[in-house]
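Visitor: Here you go, this is entry13.pdb (PDB, C-alpha atoms).
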```
ATOM      1  CA  MET A 989       0.000   0.000   0.000
ATOM      2  CA  ARG A 990       1.556   3.293  -1.124
ATOM      3  CA  VAL A 991       0.766   6.311   1.059
ATOM      4  CA  GLY A 992       1.128  10.013   0.351
ATOM      5  CA  PHE A 993       1.034  12.787   2.940
ATOM      6  CA  ILE A 994      -0.090  16.383   2.402
ATOM      7  CA  GLY A 995       0.425  19.042   5.090
ATOM      8  CA  LEU A 996       3.665  18.922   7.046
ATOM      9  CA  GLY A 997       2.961  21.322   9.889
ATOM     10  CA  ALA A 998       3.421  20.822  13.624
ATOM     11  CA  MET A 999       1.236  17.695  13.599
ATOM     12  CA  GLY A1000       1.655  16.530  10.026
ATOM     13  CA  GLU A1001       5.429  16.354   9.882
ATOM     14  CA  PRO A1002       5.906  13.953  12.821
ATOM     15  CA  MET A1003       2.986  11.869  11.548
ATOM     16  CA  ALA A1004       4.592  11.653   8.119
ATOM     17  CA  ARG A1005       7.947  10.733   9.632
ATOM     18  CA  ASN A1006       6.342   7.893  11.597
ATOM     19  CA  LEU A1007       4.842   6.557   8.372
ATOM     20  CA  ALA A1008       8.217   6.835   6.646
ATOM     21  CA  ARG A1009       9.963   4.943   9.441
ATOM     22  CA  SER A1010       7.398   2.160   8.956
ATOM     23  CA  ASN A1011       8.190   2.045   5.216
ATOM     24  CA  LEU A1012       4.644   3.045   4.275
ATOM     25  CA  LEU A1013       5.197   6.583   3.037
ATOM     26  CA  HIS A1014       5.812   6.974  -0.684
ATOM     27  CA  ALA A1015       5.380  10.689  -1.467
ATOM     28  CA  VAL A1016       4.898  14.049   0.274
ATOM     29  CA  TRP A1017       3.635  17.497  -0.659
ATOM     30  CA  ASN A1018       3.457  20.702   1.338
ATOM     31  CA  ARG A1019       2.539  24.250   0.405
ATOM     32  CA  THR A1020       5.922  25.373   1.749
ATOM     33  CA  GLU A1021       8.070  23.103  -0.393
ATOM     34  CA  ALA A1022      11.171  23.245   1.824
ATOM     35  CA  ARG A1023       9.418  21.291   4.587
ATOM     36  CA  ALA A1024       8.396  18.527   2.192
ATOM     37  CA  ALA A1025      11.834  18.510   0.580
ATOM     38  CA  ALA A1026      13.489  17.917   3.959
ATOM     39  CA  VAL A1027      11.241  14.954   4.792
ATOM     40  CA  ALA A1028      11.631  13.519   1.277
ATOM     41  CA  ALA A1029      15.432  13.787   1.474
ATOM     42  CA  ASP A1030      15.571  12.150   4.910
ATOM     43  CA  TYR A1031      13.700   9.033   3.791
ATOM     44  CA  GLY A1032      14.221   8.852   0.025
ATOM     45  CA  LEU A1033      10.608   9.769  -0.778
ATOM     46  CA  ILE A1034       9.044  11.305  -3.860
ATOM     47  CA  LEU A1035       8.657  15.079  -3.576
ATOM     48  CA  ALA A1036       5.390  15.637  -5.412
ATOM     49  CA  SER A1037       4.969  18.761  -7.501
ATOM     50  CA  SER A1038       1.268  19.120  -6.648
ATOM     51  CA  PRO A1039      -1.511  17.340  -4.744
ATOM     52  CA  ALA A1040      -2.649  15.713  -7.992
ATOM     53  CA  ASP A1041       0.902  14.548  -8.753
ATOM     54  CA  LEU A1042       1.019  12.944  -5.311
ATOM     55  CA  ALA A1043      -2.380  11.276  -5.668
ATOM     56  CA  ALA A1044      -1.414   9.828  -9.037
ATOM     57  CA  GLN A1045       1.409   7.870  -7.390
ATOM     58  CA  VAL A1046      -0.259   6.490  -4.255
ATOM     59  CA  ASP A1047      -3.226   4.452  -3.057
ATOM     60  CA  VAL A1048      -3.953   6.415   0.130
ATOM     61  CA  VAL A1049      -3.688  10.185   0.578
ATOM     62  CA  LEU A1050      -3.474  11.562   4.131
ATOM     63  CA  LEU A1051      -4.219  15.251   4.721
ATOM     64  CA  CYS A1052      -3.371  17.371   7.749
ATOM     65  CA  VAL A1053      -3.980  21.047   7.061
ATOM     66  CA  SER A1054      -5.301  24.017   9.009
ATOM     67  CA  ALA A1055      -8.772  25.060   7.890
ATOM     68  CA  ASP A1056     -11.919  24.162   5.943
ATOM     69  CA  ARG A1057     -10.920  26.197   2.919
ATOM     70  CA  ASP A1058      -7.540  24.421   2.828
ATOM     71  CA  VAL A1059      -9.165  20.983   2.862
ATOM     72  CA  LEU A1060     -11.591  21.891   0.084
ATOM     73  CA  GLU A1061      -8.808  23.426  -2.015
ATOM     74  CA  ILE A1062      -6.647  20.322  -1.641
ATOM     75  CA  VAL A1063      -9.556  18.007  -2.446
ATOM     76  CA  GLU A1064     -10.362  20.002  -5.593
ATOM     77  CA  ASN A1065      -6.729  19.720  -6.642
ATOM     78  CA  LEU A1066      -6.710  15.978  -5.990
ATOM     79  CA  LEU A1067      -9.750  15.206  -8.133
ATOM     80  CA  PRO A1068      -8.060  14.774 -11.546
ATOM     81  CA  ALA A1069      -5.873  11.999 -10.109
ATOM     82  CA  ILE A1070      -8.489  10.149  -8.038
ATOM     83  CA  ARG A1071      -8.991   6.550  -9.156
ATOM     84  CA  PRO A1072     -11.584   3.951  -8.066
ATOM     85  CA  TYR A1073      -9.307   2.576  -5.350
ATOM     86  CA  THR A1074      -7.976   5.893  -4.028
ATOM     87  CA  VAL A1075      -8.755   6.633  -0.371
ATOM     88  CA  VAL A1076      -8.387  10.154   1.025
ATOM     89  CA  VAL A1077      -8.086  10.377   4.815
ATOM     90  CA  ASP A1078      -8.399  13.839   6.329
ATOM     91  CA  HIS A1079      -6.733  14.336   9.711
ATOM     92  CA  SER A1080      -7.493  18.074   9.768
ATOM     93  CA  THR A1081      -9.997  19.596  12.184
ATOM     94  CA  VAL A1082     -12.817  21.108  10.129
ATOM     95  CA  SER A1083     -16.606  21.217  10.093
ATOM     96  CA  PRO A1084     -18.677  18.089   9.413
ATOM     97  CA  GLU A1085     -20.127  19.907   6.404
ATOM     98  CA  THR A1086     -16.673  20.267   4.862
ATOM     99  CA  SER A1087     -16.061  16.547   5.375
ATOM    100  CA  CYS A1088     -19.362  15.649   3.729
ATOM    101  CA  GLN A1089     -18.648  17.952   0.793
ATOM    102  CA  SER A1090     -15.174  16.472   0.397
ATOM    103  CA  ALA A1091     -16.540  12.929   0.514
ATOM    104  CA  SER A1092     -19.100  13.738  -2.172
ATOM    105  CA  LEU A1093     -16.406  15.103  -4.486
ATOM    106  CA  ILE A1094     -14.037  12.176  -3.966
ATOM    107  CA  ARG A1095     -16.764   9.549  -4.290
ATOM    108  CA  ALA A1096     -18.003  11.117  -7.516
ATOM    109  CA  ARG A1097     -14.596  10.244  -8.982
ATOM    110  CA  GLY A1098     -14.818   6.651  -7.728
ATOM    111  CA  GLY A1099     -12.609   7.013  -4.654
ATOM    112  CA  ASP A1100     -13.581   7.194  -0.997
ATOM    113  CA  PHE A1101     -13.065   9.591   1.891
ATOM    114  CA  LEU A1102     -12.702   9.330   5.660
ATOM    115  CA  ASP A1103     -12.749  12.217   8.102
ATOM    116  CA  ALA A1104     -10.252  11.187  10.751
ATOM    117  CA  PRO A1105      -9.316  14.023  13.119
ATOM    118  CA  VAL A1106      -6.832  13.231  15.850
ATOM    119  CA  THR A1107      -6.240  14.115  19.484
ATOM    120  CA  GLY A1108      -3.100  13.771  21.559
ATOM    121  CA  GLY A1109      -1.177  16.901  20.682
ATOM    122  CA  VAL A1110       2.236  17.280  19.127
ATOM    123  CA  GLU A1111       3.551  14.817  21.719
ATOM    124  CA  GLY A1112       1.099  12.191  20.481
ATOM    125  CA  ALA A1113       2.022  12.863  16.871
ATOM    126  CA  ARG A1114       5.715  12.399  17.651
ATOM    127  CA  SER A1115       5.255   9.238  19.702
ATOM    128  CA  ALA A1116       2.644   7.689  17.367
ATOM    129  CA  SER A1117       0.159   7.570  20.241
ATOM    130  CA  LEU A1118      -2.672   9.658  18.784
ATOM    131  CA  VAL A1119      -6.331   8.750  19.148
ATOM    132  CA  ILE A1120      -8.154   8.897  15.807
ATOM    133  CA  MET A1121     -11.902   9.528  15.491
ATOM    134  CA  VAL A1122     -13.128   8.286  12.114
ATOM    135  CA  GLY A1123     -16.220   9.004  10.063
ATOM    136  CA  GLY A1124     -16.897   6.968   6.922
ATOM    137  CA  ARG A1125     -17.520   3.517   5.514
ATOM    138  CA  PRO A1126     -16.348   0.671   7.785
ATOM    139  CA  ALA A1127     -14.893  -1.276   4.856
ATOM    140  CA  THR A1128     -12.814   1.716   3.798
ATOM    141  CA  LEU A1129     -11.566   2.203   7.350
ATOM    142  CA  ALA A1130     -10.652  -1.490   7.572
ATOM    143  CA  GLY A1131      -8.571  -1.146   4.425
ATOM    144  CA  VAL A1132      -6.466   1.728   5.767
ATOM    145  CA  THR A1133      -6.295   0.614   9.407
ATOM    146  CA  PRO A1134      -2.714  -0.713   9.012
ATOM    147  CA  VAL A1135      -1.692   2.808   7.961
ATOM    148  CA  LEU A1136      -3.540   4.524  10.804
ATOM    149  CA  LYS A1137      -2.108   2.108  13.378
ATOM    150  CA  THR A1138       1.328   3.470  12.516
ATOM    151  CA  LEU A1139       0.187   6.861  13.845
ATOM    152  CA  SER A1140      -1.964   5.976  16.809
ATOM    153  CA  ARG A1141      -2.693   3.967  19.914
ATOM    154  CA  ARG A1142      -6.450   3.885  19.305
ATOM    155  CA  ILE A1143      -8.769   4.170  16.284
ATOM    156  CA  VAL A1144     -12.510   4.549  16.843
ATOM    157  CA  SER A1145     -15.175   4.418  14.134
ATOM    158  CA  MET A1146     -17.728   7.108  15.039
ATOM    159  CA  GLY A1147     -20.253   6.577  12.223
ATOM    160  CA  ASP A1148     -20.837   8.137   8.818
ATOM    161  CA  VAL A1149     -18.682  10.820   7.219
ATOM    162  CA  GLY A1150     -18.785  13.911   9.432
ATOM    163  CA  CYS A1151     -19.106  11.976  12.669
ATOM    164  CA  GLY A1152     -15.356  12.015  13.226
ATOM    165  CA  GLN A1153     -15.380  15.801  13.040
ATOM    166  CA  ALA A1154     -18.427  15.978  15.314
ATOM    167  CA  ALA A1155     -16.571  13.922  17.925
ATOM    168  CA  LYS A1156     -13.515  16.170  17.531
ATOM    169  CA  ALA A1157     -15.734  19.218  18.146
ATOM    170  CA  VAL A1158     -16.751  17.692  21.484
ATOM    171  CA  ASN A1159     -13.069  17.144  22.242
ATOM    172  CA  GLN A1160     -12.209  20.748  21.401
ATOM    173  CA  ALA A1161     -15.036  22.144  23.529
ATOM    174  CA  MET A1162     -13.852  20.006  26.436
ATOM    175  CA  ALA A1163     -10.251  21.138  25.895
ATOM    176  CA  ALA A1164     -11.436  24.742  26.199
ATOM    177  CA  GLY A1165     -12.968  24.021  29.591
ATOM    178  CA  ILE A1166      -9.875  22.191  30.797
ATOM    179  CA  ASN A1167      -7.669  25.085  29.686
ATOM    180  CA  GLN A1168      -9.879  27.561  31.542
ATOM    181  CA  ALA A1169      -9.935  25.439  34.703
ATOM    182  CA  VAL A1170      -6.210  24.669  34.809
ATOM    183  CA  THR A1171      -5.006  28.202  34.057
ATOM    184  CA  GLU A1172      -7.443  29.743  36.521
ATOM    185  CA  ALA A1173      -6.535  27.291  39.294
ATOM    186  CA  LEU A1174      -2.793  27.762  38.784
ATOM    187  CA  ALA A1175      -3.203  31.525  38.836
ATOM    188  CA  PHE A1176      -5.121  31.119  42.119
ATOM    189  CA  GLY A1177      -2.311  29.020  43.567
ATOM    190  CA  GLN A1178       0.320  31.508  42.490
ATOM    191  CA  ALA A1179      -1.640  34.352  44.116
ATOM    192  CA  LEU A1180      -1.630  32.307  47.328
ATOM    193  CA  GLY A1181       2.157  32.333  47.232
ATOM    194  CA  LEU A1182       2.564  28.571  46.845
ATOM    195  CA  ASP A1183       5.482  26.778  45.215
ATOM    196  CA  MET A1184       3.602  26.083  42.007
ATOM    197  CA  HIS A1185       5.840  23.310  40.730
ATOM    198  CA  LYS A1186       5.083  21.414  43.956
ATOM    199  CA  VAL A1187       1.388  22.174  43.546
ATOM    200  CA  ILE A1188       1.405  20.810  40.002
ATOM    201  CA  ASP A1189       3.224  17.672  41.127
ATOM    202  CA  VAL A1190       0.812  16.888  43.954
ATOM    203  CA  VAL A1191      -2.384  17.823  42.117
ATOM    204  CA  ALA A1192      -1.416  15.834  39.020
ATOM    205  CA  GLY A1193      -1.469  12.660  41.106
ATOM    206  CA  GLY A1194      -5.018  13.141  42.340
ATOM    207  CA  ALA A1195      -8.575  13.547  41.115
ATOM    208  CA  ALA A1196      -7.807  16.847  39.373
ATOM    209  CA  GLY A1197      -4.930  15.391  37.353
ATOM    210  CA  ASN A1198      -5.233  15.651  33.565
ATOM    211  CA  TRP A1199      -3.178  15.586  30.347
ATOM    212  CA  PHE A1200      -3.053  19.376  30.011
ATOM    213  CA  LEU A1201      -1.790  19.911  33.542
ATOM    214  CA  ASP A1202       0.805  17.177  33.090
ATOM    215  CA  LYS A1203       2.088  18.440  29.729
ATOM    216  CA  ARG A1204       1.705  22.200  30.134
ATOM    217  CA  GLY A1205       1.571  22.999  33.859
ATOM    218  CA  ASP A1206       5.266  23.553  34.510
ATOM    219  CA  THR A1207       5.907  25.341  31.231
ATOM    220  CA  MET A1208       3.125  27.878  31.706
ATOM    221  CA  ILE A1209       4.261  28.613  35.284
ATOM    222  CA  ASP A1210       7.729  29.256  33.846
ATOM    223  CA  GLY A1211       6.279  31.579  31.204
ATOM    224  CA  ARG A1212       7.095  29.302  28.286
ATOM    225  CA  PHE A1213       4.382  28.993  25.642
ATOM    226  CA  GLY A1214       6.204  27.437  22.697
ATOM    227  CA  PRO A1215       3.977  26.078  19.949
ATOM    228  CA  GLY A1216       2.159  22.894  20.770
ATOM    229  CA  PHE A1217      -1.470  23.534  19.864
ATOM    230  CA  LYS A1218      -1.660  27.109  18.655
ATOM    231  CA  VAL A1219      -4.130  29.587  20.113
ATOM    232  CA  ALA A1220      -5.228  30.646  16.613
ATOM    233  CA  LEU A1221      -6.038  27.059  15.611
ATOM    234  CA  HIS A1222      -8.055  26.299  18.736
ATOM    235  CA  HIS A1223      -9.862  29.625  18.235
ATOM    236  CA  LYS A1224     -10.811  28.439  14.730
ATOM    237  CA  ASP A1225     -11.963  25.059  16.066
ATOM    238  CA  LEU A1226     -14.088  26.630  18.790
ATOM    239  CA  GLN A1227     -15.807  28.857  16.249
ATOM    240  CA  ILE A1228     -16.809  25.651  14.466
ATOM    241  CA  CYS A1229     -18.181  24.360  17.782
ATOM    242  CA  GLU A1230     -20.198  27.545  18.235
ATOM    243  CA  GLN A1231     -21.665  27.258  14.748
ATOM    244  CA  MET A1232     -22.610  23.623  15.303
ATOM    245  CA  ALA A1233     -24.197  24.455  18.659
ATOM    246  CA  SER A1234     -26.121  27.357  17.145
ATOM    247  CA  GLU A1235     -27.616  25.023  14.541
ATOM    248  CA  LEU A1236     -28.823  22.839  17.423
ATOM    249  CA  GLY A1237     -30.299  25.798  19.308
ATOM    250  CA  MET A1238     -27.645  25.444  22.021
ATOM    251  CA  THR A1239     -25.216  27.823  23.631
ATOM    252  CA  LEU A1240     -21.765  26.875  24.929
ATOM    253  CA  PRO A1241     -20.850  29.577  27.485
ATOM    254  CA  LEU A1242     -17.405  28.187  28.273
ATOM    255  CA  VAL A1243     -16.570  27.933  24.588
ATOM    256  CA  ARG A1244     -17.801  31.485  24.029
ATOM    257  CA  GLN A1245     -15.595  32.796  26.834
ATOM    258  CA  THR A1246     -12.580  30.942  25.484
ATOM    259  CA  VAL A1247     -13.148  32.311  21.977
ATOM    260  CA  ALA A1248     -13.175  35.819  23.445
ATOM    261  CA  ASP A1249     -10.034  35.144  25.503
ATOM    262  CA  TYR A1250      -8.198  33.738  22.507
ATOM    263  CA  ALA A1251      -9.246  36.736  20.410
ATOM    264  CA  ARG A1252      -7.621  38.978  23.018
ATOM    265  CA  LEU A1253      -4.444  36.881  23.003
ATOM    266  CA  MET A1254      -4.332  36.986  19.207
ATOM    267  CA  ALA A1255      -4.783  40.758  19.230
ATOM    268  CA  GLU A1256      -1.816  40.973  21.615
ATOM    269  CA  GLY A1257       0.353  38.930  19.242
ATOM    270  CA  HIS A1258       0.134  35.521  20.928
ATOM    271  CA  GLY A1259      -1.860  33.610  18.297
ATOM    272  CA  ASP A1260       1.031  31.311  17.402
ATOM    273  CA  GLU A1261       1.704  30.343  21.017
ATOM    274  CA  ASP A1262       0.399  27.200  22.692
ATOM    275  CA  ILE A1263      -3.108  27.453  24.139
ATOM    276  CA  SER A1264      -1.544  27.422  27.624
ATOM    277  CA  ALA A1265      -0.825  31.087  26.857
ATOM    278  CA  LEU A1266      -4.302  31.643  28.315
ATOM    279  CA  TYR A1267      -2.369  31.788  31.585
ATOM    280  CA  ARG A1268      -1.106  35.203  30.458
ATOM    281  CA  LEU A1269      -4.613  36.585  31.046
ATOM    282  CA  LYS A1270      -5.070  34.982  34.452
ATOM    283  CA  LYS A1271      -1.737  35.041  36.290
ATOM    284  CA  PRO A1272      -1.337  37.541  39.132
ATOM    285  CA  LYS A1273       0.076  40.891  38.060
ATOM    286  CA  ALA A1274       3.587  41.629  39.262
TER     287      ALA A1274
END
```
Just dump the structure as structure tokens.
Guide:
Amino acid sequence: MRVGFIGLGAMGEPMARNLARSNLLHAVWNRTEARAAAVAADYGLILASSPADLAAQVDVVLLCVSADRDVLEIVENLLPAIRPYTVVVDHSTVSPETSCQSASLIRARGGDFLDAPVTGGVEGARSASLVIMVGGRPATLAGVTPVLKTLSRRIVSMGDVGCGQAAKAVNQAMAAGINQAVTEALAFGQALGLDMHKVIDVVAGGAAGNWFLDKRGDTMIDGRFGPGFKVALHHKDLQICEQMASELGMTLPLVRQTVADYARLMAEGHGDEDISALYRLKKPKA
């Protein structure tokens, strides 16, 4: 099975490298060619000249890009090279509507499409321990499962196309609440004058322990917000959540607050920082 990868950003590049180390990756393409060229050179891969050039040389195309418009643009560019056995797997986080539209376009050319967003952060991408939420035909998923296992510790079929993205929206809404709770609690502890590294260590071992505290607690206390999951990307994802909730006649107050907080961070020039940068808005003033 020949695999191609499109989108070599913070998540996509380590995912592609894991595929290459498993001898599954055949070709790569990225909008910024230098990133794809580096991966291709490291593993002796084909550096495709376009998405269609990549699709023409592989059986499975994996996507990991930033936004709905990017997914639809890539899918449109893939179409001339789609064949009856081509499977396109989208690991981006986009709306269910975009996934359904993409599936319709790919299926019209005889191929098939899975929406397969991931969770686990950059750490999970690097260690091949992502969790993948998949929407699409079970038979198609079964065919590409050996590829997805190279990237993940768990793969869950959520239902039809779009259901993977719906599950990811739940994940992103929950991540917003966790971010709010952890940053607010750590700011509270700092205001109390506690040794916050000790607080993080003891709390992480109890009922309030969680992935975000474990991975980001110490770094945010130290004022380090290097890119992991960017504020601007979570802001985009939460806007999708708000739109989905609105269509259901629901409101998501915590999501709304986080969207507003992220907008403030972005306006202050912190959009490319990790979402733990929310701590900037909560920590006690010097």
Visitor: Please report the interatomic distance between atom CA of A:Gly1108 and atom CA of A:Leu1007 in Å with one decimal.
Guide: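 Distance reported for this atom pair: 17.0 Å.
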Visitor: Residues at most 8 Å from stretch 1198-1211 of chain A, counting all atoms listed in the file, excluding those fewer than 5 positions away in the same chain, as a short mmCIF file (atom, residue, chain, number, x, y, z; two decimals) with C-alpha atoms, in the coordinates of the input?
Guide:
```
data_model
loop_
_atom_site.label_atom_id
_atom_site.label_comp_id
_atom_site.auth_asym_id
_atom_site.auth_seq_id
_atom_site.Cartn_x
_atom_site.Cartn_y
_atom_site.Cartn_z
CA ILE A 1166 -9.88 22.19 30.80
CA ASN A 1167 -7.67 25.08 29.69
CA VAL A 1170 -6.21 24.67 34.81
CA LEU A 1174 -2.79 27.76 38.78
CA MET A 1184 3.60 26.08 42.01
CA HIS A 1185 5.84 23.31 40.73
CA ILE A 1188 1.40 20.81 40.00
CA ALA A 1192 -1.42 15.83 39.02
CA SER A 1264 -1.54 27.42 27.62
CA ALA A 1265 -0.82 31.09 26.86
CA TYR A 1267 -2.37 31.79 31.58
#
```
Visitor: Could you tell me how far atom CA of A:Ala1104 sits from atom CA of A:Val1144, in Å to one decimal place?
Guide: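 About the pair atom CA of A:Val1144 and atom CA of A:Ala1104: they are 9.3 Å apart.
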Visitor: Could you check the closest approach to A:Ala1127 for each of A:Val1075, A:Val1191, A:Ala1173, A:Val1059 and tell me which residue wins, using all atoms listed in the file?
Guide: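 Result for the nearest residue to A:Ala1127: A:Val1075.
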Visitor: Find the distance between atom CA of A:Val1082 and atom CA of A:Val1119 and write it in Å to one decimal.
Guide: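 The value is 16.6 Å.
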